[in-house]
Amino acid sequence: MAATPPTPATDAPRRKTGRHRGEGQWAVGHFTPLNANEQAKKDDDGLNVRTRIETIYSKAGFDSIDPGDLRGRMRWWGLYTQRKPGIDGGRTAVLAPEELDDEFFMLRVRIDGGRLTTCQLRVIGEVSEEFARGTADITDRQNIQFHWIRIEDVPEIWRRLEAVGLSTTEACGDTPRVILGSPVAGIAEDEIIDGTPAIEEIHRRFIGDRDFSNLPRKFKSAVSGSPLLDVAHEINDVAFVGVEHPEHGPGFDLWVGGGLSTNPKLGVRLGAWVPLEEVADVFGGVIGIFRDYGYRRLRNRARLKFLVADWGAREFRRVLEEEYLGRALVDGPAPEQPVAQWRDHVGVHRQKDGRFYVGFAPRVGRVDGATLTKIAALAEEHGSGRVRTTAEQKMIVLDVPEAQVQSLVAGLEALDLRVAPSPFRRGTMACTGIEFCKLAIVETKARGAALIDELERRLPDFDEPLTINVNGCPNACARIQVADIGLKGQLVLDDEGRQVEGFQVHLGGALGLEAGFGRKVRGLKVTSEELPDYVERVLRRFAKERNDGERFAQ
Ligand code: SF4
């Protein structure tokens, strides 16, 4: 069945959009698709592909898959074809999509709020072992990604995941993707407000709903009541950040329009305070604006950040209030700058109920099915059966009695999961990269892991918090622009003039209330081989020249 534009969310007269009448906005009557992506979504809602996967493709095999489903609609169920092995980064931009496609898939499991039970974690581990050659990566959006998935196995994987309350629904595609949440929601001693009920309500009302399954592009969201600002709210399309209102008490400060990629923008505050019970309504208003007013003509302008940049915060808030909510929002305060420099919850921390949570760091988010199963066993033995993923590619075991902490830490360390990691292991993230990603130019995961090992060996005494984000291309899935050292994969020339894998370096980016983008260091490109030497030089110079109390990020 074709996806039809929904009825406008309000009877209020449509606002004038001036020079953007030609941007393909539904709200000004542009229902005729202006590009192939919009046409494909109009032809058939992405959610409908599930039936074809279950009844046709999984039975008849990879070659039976309609190309429009293969490179489009399958994303609505968390499936992307992965990169054919052996194709170097120099050919990424020149090959046709079908030449890059392998017959195996990446499958993304959405983990809203990063919340998992050990029962769910075991199933993820089993699926990884049985169907994904043991792969399982924790992403910086709290998801877990499998690779090497065969189309024949997808229905059985869904059956197993859904039996324990997990899903891949709208894990990718032009949809409301996973809702980030503080991984210590409900347990942290310093929590301002627990956003979990809002995440659950957003999920119940909007995920898999065909009124919101044809957005201009992806829609990223975050809800956190932690004073650590632990969900990278600045780079989400909509974010709710815990604040204490002087009259109304705890609630959320509303941010819109953040996003990185090749045209990065930090989210802006609308100056509005949202109580917990109204978060889902406001989410619905913002996503409604995106659906109705979002730009659909050009794919690279189809994120909410461009609309927010054109309208400005004041106008965006007016449209939200008048056309979508039908009421004014309460003015509210901004969040405060966090005291702690790490936002990842790694280490041993006391919960508000007197028990402890234990955060630990694999290397660059890479684990495997067998390790996940062992983590589940450890969490059951030492905690209450609750684990969390973080937006920094880390994990946490919750509810550990004090007497059990040391035993759990020892068990995790035995799996090479560090509770007290070096700043390099703690602060380095990497995207999927050329191993599986069709857009990649360079290798990232193995490169990031090797960099960590090398820096630990060369700089054993370095103890400053820092972030090193390794990305395989300009798309910035691992947040190039907001790291202390952001690395953008590209081909560079080595000393002998040969094109080799390397990185454009961005220095001095940050998140938090001092958020800003790193400076692209003009002309500073390093080959992948040179990377450890380069980072070592930068860190040694900092250690030598820093003033008292100066942090690397400053
Ligand atoms: Fe792929 Fe580029 Fe995203 Fe890395 S940054 S996962 S290479 S699209």
# chains A, B, ... in the order shown; residues from 1 in each chain; ligands from 1
$ select_by_dssp --residues "segment 373-483 of chain A" --states "helix (DSSP H, G or I)" --output "PyMOL selection string"
chain A and resi 373-382+402-414+423-427+433-435+445-458+480-482
$ write_last_selection --atoms "N, CA and C atoms" --output "compact mmCIF listing (two decimals), in the first residue's frame"
# COMPACT_ATOMS: atom_id res chain seq x y z
N THR A 373 27.13 -12.93 26.41
CA THR A 373 26.52 -13.97 27.24
C THR A 373 27.21 -14.06 28.59
N LYS A 374 28.54 -13.90 28.58
CA LYS A 374 29.28 -13.92 29.85
C LYS A 374 28.96 -12.69 30.71
N ILE A 375 28.78 -11.54 30.06
CA ILE A 375 28.39 -10.34 30.81
C ILE A 375 27.02 -10.58 31.46
N ALA A 376 26.11 -11.20 30.73
CA ALA A 376 24.78 -11.48 31.29
C ALA A 376 24.91 -12.37 32.52
N ALA A 377 25.77 -13.39 32.44
CA ALA A 377 25.95 -14.29 33.58
C ALA A 377 26.52 -13.54 34.78
N LEU A 378 27.51 -12.69 34.52
CA LEU A 378 28.11 -11.90 35.62
C LEU A 378 27.08 -10.97 36.25
N ALA A 379 26.28 -10.34 35.40
CA ALA A 379 25.28 -9.38 35.91
C ALA A 379 24.22 -10.11 36.74
N GLU A 380 23.89 -11.33 36.36
CA GLU A 380 22.90 -12.09 37.14
C GLU A 380 23.49 -12.53 38.48
N GLU A 381 24.75 -12.91 38.41
CA GLU A 381 25.41 -13.39 39.63
C GLU A 381 25.62 -12.27 40.65
N HIS A 382 25.90 -11.07 40.14
CA HIS A 382 26.29 -9.98 41.05
C HIS A 382 25.24 -8.88 41.20
N GLU A 402 27.34 -3.85 47.69
CA GLU A 402 28.74 -3.46 47.91
C GLU A 402 29.64 -4.68 48.02
N ALA A 403 29.17 -5.71 48.70
CA ALA A 403 30.01 -6.89 48.92
C ALA A 403 30.32 -7.65 47.63
N GLN A 404 29.56 -7.35 46.56
CA GLN A 404 29.73 -8.08 45.30
C GLN A 404 30.58 -7.30 44.28
N VAL A 405 30.89 -6.05 44.61
CA VAL A 405 31.51 -5.18 43.60
C VAL A 405 32.86 -5.73 43.14
N GLN A 406 33.72 -6.06 44.09
CA GLN A 406 35.07 -6.48 43.70
C GLN A 406 35.05 -7.75 42.85
N SER A 407 34.16 -8.66 43.21
CA SER A 407 34.06 -9.90 42.44
C SER A 407 33.59 -9.61 41.01
N LEU A 408 32.63 -8.70 40.87
CA LEU A 408 32.16 -8.34 39.52
C LEU A 408 33.27 -7.67 38.73
N VAL A 409 33.97 -6.74 39.36
CA VAL A 409 35.06 -6.05 38.67
C VAL A 409 36.10 -7.06 38.17
N ALA A 410 36.43 -8.02 39.03
CA ALA A 410 37.42 -9.04 38.63
C ALA A 410 36.89 -9.86 37.46
N GLY A 411 35.62 -10.21 37.51
CA GLY A 411 35.02 -11.00 36.41
C GLY A 411 35.05 -10.24 35.10
N LEU A 412 34.74 -8.93 35.15
CA LEU A 412 34.76 -8.12 33.93
C LEU A 412 36.18 -7.95 33.40
N GLU A 413 37.10 -7.68 34.31
CA GLU A 413 38.50 -7.49 33.87
C GLU A 413 39.02 -8.78 33.22
N ALA A 414 38.59 -9.92 33.73
CA ALA A 414 39.03 -11.19 33.14
C ALA A 414 38.53 -11.33 31.70
N PRO A 423 42.73 6.48 29.95
CA PRO A 423 41.93 7.51 29.27
C PRO A 423 41.78 7.23 27.78
N PHE A 424 42.72 6.48 27.23
CA PHE A 424 42.66 6.20 25.79
C PHE A 424 41.55 5.20 25.48
N ARG A 425 41.47 4.13 26.29
CA ARG A 425 40.40 3.18 26.04
C ARG A 425 39.05 3.81 26.38
N ARG A 426 39.04 4.59 27.45
CA ARG A 426 37.80 5.19 27.89
C ARG A 426 37.29 6.23 26.90
N GLY A 427 38.20 6.99 26.30
CA GLY A 427 37.78 8.13 25.49
C GLY A 427 37.79 7.90 24.00
N GLY A 433 33.09 1.75 9.89
CA GLY A 433 34.24 1.80 8.99
C GLY A 433 34.19 0.79 7.85
N ILE A 434 35.32 0.67 7.17
CA ILE A 434 35.36 -0.04 5.89
C ILE A 434 35.13 -1.54 6.00
N GLU A 435 35.23 -2.06 7.18
CA GLU A 435 35.01 -3.51 7.35
C GLU A 435 33.61 -3.91 6.87
N LYS A 445 37.57 0.43 13.24
CA LYS A 445 37.50 -0.31 14.50
C LYS A 445 38.87 -0.87 14.90
N ALA A 446 39.48 -1.61 13.99
CA ALA A 446 40.79 -2.18 14.30
C ALA A 446 41.82 -1.06 14.50
N ARG A 447 41.70 0.01 13.70
CA ARG A 447 42.62 1.13 13.82
C ARG A 447 42.48 1.79 15.18
N GLY A 448 41.24 1.99 15.62
CA GLY A 448 41.00 2.59 16.93
C GLY A 448 41.51 1.72 18.06
N ALA A 449 41.27 0.40 17.96
CA ALA A 449 41.72 -0.52 19.01
C ALA A 449 43.25 -0.53 19.08
N ALA A 450 43.89 -0.54 17.92
CA ALA A 450 45.36 -0.54 17.90
C ALA A 450 45.91 0.77 18.45
N LEU A 451 45.23 1.86 18.16
CA LEU A 451 45.66 3.17 18.68
C LEU A 451 45.62 3.18 20.21
N ILE A 452 44.55 2.63 20.76
CA ILE A 452 44.43 2.56 22.23
C ILE A 452 45.62 1.79 22.80
N ASP A 453 45.89 0.62 22.26
CA ASP A 453 46.98 -0.21 22.79
C ASP A 453 48.32 0.51 22.68
N GLU A 454 48.52 1.18 21.56
CA GLU A 454 49.79 1.87 21.33
C GLU A 454 49.96 3.04 22.29
N LEU A 455 48.89 3.81 22.49
CA LEU A 455 48.99 4.97 23.40
C LEU A 455 49.17 4.51 24.85
N GLU A 456 48.52 3.41 25.21
CA GLU A 456 48.71 2.88 26.58
C GLU A 456 50.17 2.50 26.79
N ARG A 457 50.78 1.95 25.76
CA ARG A 457 52.18 1.53 25.87
C ARG A 457 53.12 2.75 25.91
N ARG A 458 52.83 3.73 25.07
CA ARG A 458 53.75 4.85 24.94
C ARG A 458 53.57 5.91 26.03
N ILE A 480 32.82 13.20 14.67
CA ILE A 480 34.13 13.82 14.38
C ILE A 480 34.27 15.18 15.07
N GLN A 481 33.24 16.02 14.89
CA GLN A 481 33.43 17.45 15.19
C GLN A 481 33.36 17.79 16.68
N VAL A 482 32.93 16.86 17.53
CA VAL A 482 32.77 17.21 18.94
C VAL A 482 33.73 16.43 19.83
$ residues_near_ligand --ligand "ligand 1" --cutoff "7 Å" --atoms "only C-alpha atoms and all ligand atoms" --output "list in words"
Cys431, Thr432, Gly433, Ile434, Cys437, Lys438, Leu439, Ala440, Ile441, Asn471, Gly472, Cys473, Pro474, Asn475, Ala476, Cys477 and Ala478 of chain A
$ residues_around --residues "Gln82 of chain A" --least-positions-apart "5" --cutoff "8 Å" --atoms "only C-alpha atoms" --output "compact mmCIF listing (two decimals) with C-alpha atoms, in the first residue's frame"
# COMPACT_ATOMS: atom_id res chain seq x y z
CA ASP A 101 26.47 -4.60 -1.86
CA ASP A 102 27.36 -7.84 -0.19
CA GLU A 103 24.64 -10.45 0.17
CA PHE A 104 24.92 -10.19 3.96
CA PHE A 105 23.28 -7.56 6.14
CA MET A 106 24.01 -5.40 9.09
CA HIS A 147 26.90 -8.22 10.85
CA TRP A 148 26.94 -11.16 8.43
CA PHE A 436 31.24 -3.39 6.79
CA CYS A 437 30.09 0.13 5.82
CA LYS A 438 29.47 0.88 2.15
$ residues_around --residues "Arg479 of chain A" --least-positions-apart "6" --cutoff "10 Å" --atoms "only C-alpha atoms" --output "list in words"
Asp140, Ala232, Ile235, Gly259, Leu260, Ser261, Pro264, Met429, Ala430, Cys431, Ile468, Asn469, Val470, Asn471, Gly486, Leu487, Lys488, Gly509, Ala510 and Phe517 of chain A
$ write_last_selection --atoms "N, CA and C atoms" --output "mmCIF file, in the first residue's frame"
data_model
loop_
_atom_site.group_PDB
_atom_site.id
_atom_site.type_symbol
_atom_site.label_atom_id
_atom_site.label_comp_id
_atom_site.auth_asym_id
_atom_site.auth_seq_id
_atom_site.Cartn_x
_atom_site.Cartn_y
_atom_site.Cartn_z
ATOM 1 N N ASP A 140 27.355 4.196 19.339
ATOM 2 C CA ASP A 140 27.278 5.399 20.181
ATOM 3 C C ASP A 140 25.851 5.935 20.244
ATOM 4 N N ALA A 232 24.573 13.188 24.746
ATOM 5 C CA ALA A 232 24.965 14.026 23.588
ATOM 6 C C ALA A 232 23.747 14.760 23.025
ATOM 7 N N ILE A 235 23.441 17.101 19.762
ATOM 8 C CA ILE A 235 23.529 16.669 18.359
ATOM 9 C C ILE A 235 22.353 15.767 17.990
ATOM 10 N N GLY A 259 22.720 18.056 14.927
ATOM 11 C CA GLY A 259 23.070 16.967 14.014
ATOM 12 C C GLY A 259 24.451 17.222 13.445
ATOM 13 N N LEU A 260 25.191 16.166 13.160
ATOM 14 C CA LEU A 260 26.572 16.341 12.695
ATOM 15 C C LEU A 260 26.652 16.136 11.192
ATOM 16 N N SER A 261 27.228 15.018 10.761
ATOM 17 C CA SER A 261 27.432 14.724 9.351
ATOM 18 C C SER A 261 28.270 15.821 8.678
ATOM 19 N N PRO A 264 27.524 20.163 10.063
ATOM 20 C CA PRO A 264 27.146 19.996 11.476
ATOM 21 C C PRO A 264 26.513 21.244 12.086
ATOM 22 N N MET A 429 36.281 6.317 20.589
ATOM 23 C CA MET A 429 35.158 5.654 19.932
ATOM 24 C C MET A 429 35.508 5.471 18.459
ATOM 25 N N ALA A 430 34.868 4.508 17.831
ATOM 26 C CA ALA A 430 35.069 4.342 16.385
ATOM 27 C C ALA A 430 33.761 3.907 15.748
ATOM 28 N N CYS A 431 33.513 4.407 14.547
ATOM 29 C CA CYS A 431 32.323 3.988 13.799
ATOM 30 C C CYS A 431 32.598 2.630 13.143
ATOM 31 N N ILE A 468 38.787 10.743 21.585
ATOM 32 C CA ILE A 468 39.362 10.537 20.254
ATOM 33 C C ILE A 468 38.301 9.780 19.457
ATOM 34 N N ASN A 469 37.734 10.413 18.441
ATOM 35 C CA ASN A 469 36.632 9.805 17.695
ATOM 36 C C ASN A 469 37.078 9.467 16.277
ATOM 37 N N VAL A 470 37.084 8.171 15.970
ATOM 38 C CA VAL A 470 37.623 7.694 14.698
ATOM 39 C C VAL A 470 36.463 7.398 13.741
ATOM 40 N N ASN A 471 36.454 8.091 12.607
ATOM 41 C CA ASN A 471 35.350 7.977 11.640
ATOM 42 C C ASN A 471 35.874 7.546 10.275
ATOM 43 N N GLY A 486 39.231 14.717 16.699
ATOM 44 C CA GLY A 486 38.258 14.107 15.787
ATOM 45 C C GLY A 486 38.962 13.706 14.500
ATOM 46 N N LEU A 487 38.716 12.501 14.055
ATOM 47 C CA LEU A 487 39.422 11.968 12.890
ATOM 48 C C LEU A 487 38.425 11.602 11.804
ATOM 49 N N LYS A 488 38.571 12.240 10.654
ATOM 50 C CA LYS A 488 37.663 12.009 9.526
ATOM 51 C C LYS A 488 38.382 11.214 8.453
ATOM 52 N N GLY A 509 37.137 19.966 19.661
ATOM 53 C CA GLY A 509 35.674 19.950 19.732
ATOM 54 C C GLY A 509 35.227 19.536 21.125
ATOM 55 N N ALA A 510 33.962 19.788 21.441
ATOM 56 C CA ALA A 510 33.467 19.428 22.768
ATOM 57 C C ALA A 510 31.956 19.352 22.770
ATOM 58 N N PHE A 517 32.480 22.997 17.837
ATOM 59 C CA PHE A 517 33.083 22.083 16.882
ATOM 60 C C PHE A 517 34.592 22.232 16.879
#
$ residues_around --residues "segment 278-293 of chain A" --least-positions-apart "5" --cutoff "7 Å" --atoms "only C-alpha atoms" --output "PDB file with N, CA and C atoms, in the first residue's frame"
ATOM      1  N   GLN A  25       8.120  20.680   1.000  1.00  0.00           N
ATOM      2  CA  GLN A  25       7.458  20.558   2.306  1.00  0.00           C
ATOM      3  C   GLN A  25       5.985  20.198   2.116  1.00  0.00           C
ATOM      4  N   TRP A  26       5.546  19.163   2.784  1.00  0.00           N
ATOM      5  CA  TRP A  26       4.141  18.761   2.697  1.00  0.00           C
ATOM      6  C   TRP A  26       3.207  19.875   3.173  1.00  0.00           C
ATOM      7  N   ALA A  27       3.637  20.606   4.199  1.00  0.00           N
ATOM      8  CA  ALA A  27       2.749  21.593   4.814  1.00  0.00           C
ATOM      9  C   ALA A  27       2.393  22.730   3.866  1.00  0.00           C
ATOM     10  N   ALA A 198       8.865   8.738  30.064  1.00  0.00           N
ATOM     11  CA  ALA A 198       8.685   9.489  28.814  1.00  0.00           C
ATOM     12  C   ALA A 198       9.196   8.682  27.626  1.00  0.00           C
ATOM     13  N   GLU A 201       6.682   6.062  26.830  1.00  0.00           N
ATOM     14  CA  GLU A 201       5.473   6.584  26.177  1.00  0.00           C
ATOM     15  C   GLU A 201       5.750   6.982  24.731  1.00  0.00           C
ATOM     16  N   ILE A 202       6.917   7.588  24.495  1.00  0.00           N
ATOM     17  CA  ILE A 202       7.277   7.944  23.107  1.00  0.00           C
ATOM     18  C   ILE A 202       7.321   6.670  22.266  1.00  0.00           C
ATOM     19  N   LEU A 215       9.264  10.215   7.247  1.00  0.00           N
ATOM     20  CA  LEU A 215       9.829  11.516   7.599  1.00  0.00           C
ATOM     21  C   LEU A 215      10.774  11.943   6.478  1.00  0.00           C
ATOM     22  N   PRO A 216      11.131  13.214   6.423  1.00  0.00           N
ATOM     23  CA  PRO A 216      12.079  13.634   5.364  1.00  0.00           C
ATOM     24  C   PRO A 216      13.390  12.857   5.423  1.00  0.00           C
ATOM     25  N   LEU A 304      16.173  18.009  10.288  1.00  0.00           N
ATOM     26  CA  LEU A 304      15.479  19.087  10.995  1.00  0.00           C
ATOM     27  C   LEU A 304      16.392  20.296  11.226  1.00  0.00           C
ATOM     28  N   LEU A 320       5.426  25.311  17.069  1.00  0.00           N
ATOM     29  CA  LEU A 320       5.172  24.152  17.941  1.00  0.00           C
ATOM     30  C   LEU A 320       3.985  24.426  18.863  1.00  0.00           C
ATOM     31  N   TYR A 324       0.791  22.854  16.805  1.00  0.00           N
ATOM     32  CA  TYR A 324       0.881  21.426  17.152  1.00  0.00           C
ATOM     33  C   TYR A 324       0.433  21.124  18.579  1.00  0.00           C
ATOM     34  N   LEU A 325       0.717  22.004  19.515  1.00  0.00           N
ATOM     35  CA  LEU A 325       0.334  21.733  20.901  1.00  0.00           C
ATOM     36  C   LEU A 325      -0.958  22.445  21.277  1.00  0.00           C
TER      37      LEU A 325
END
$ select_by_dssp --residues "segment 206-255 of chain A" --states "strand (DSSP E)" --output "PDB file with C-alpha atoms, in the first residue's frame"
ATOM      1  CA  PHE A 219      14.997  11.698  13.362  1.00  0.00           C
ATOM      2  CA  LYS A 220      17.246  11.351  16.401  1.00  0.00           C
ATOM      3  CA  SER A 221      16.034  11.951  19.925  1.00  0.00           C
ATOM      4  CA  ALA A 222      17.346  11.911  23.472  1.00  0.00           C
ATOM      5  CA  VAL A 223      15.921  12.169  26.992  1.00  0.00           C
ATOM      6  CA  SER A 224      18.139  12.451  30.051  1.00  0.00           C
ATOM      7  CA  VAL A 238      15.075  16.779  19.617  1.00  0.00           C
ATOM      8  CA  ALA A 239      16.391  16.435  23.153  1.00  0.00           C
ATOM      9  CA  PHE A 240      14.938  16.740  26.614  1.00  0.00           C
ATOM     10  CA  VAL A 241      17.541  17.637  29.242  1.00  0.00           C
ATOM     11  CA  GLY A 242      16.826  17.434  32.969  1.00  0.00           C
ATOM     12  CA  VAL A 243      16.569  20.776  34.797  1.00  0.00           C
ATOM     13  CA  GLU A 244      15.106  22.027  38.051  1.00  0.00           C
ATOM     14  CA  HIS A 245      12.542  24.770  37.449  1.00  0.00           C
ATOM     15  CA  GLY A 249      10.374  21.566  40.086  1.00  0.00           C
ATOM     16  CA  PRO A 250      12.170  18.922  38.017  1.00  0.00           C
ATOM     17  CA  GLY A 251      11.393  18.659  34.321  1.00  0.00           C
ATOM     18  CA  PHE A 252      13.167  18.995  30.986  1.00  0.00           C
ATOM     19  CA  ASP A 253      14.772  21.763  28.947  1.00  0.00           C
ATOM     20  CA  LEU A 254      13.833  21.424  25.268  1.00  0.00           C
ATOM     21  CA  TRP A 255      16.484  21.430  22.516  1.00  0.00           C
TER      22      TRP A 255
END
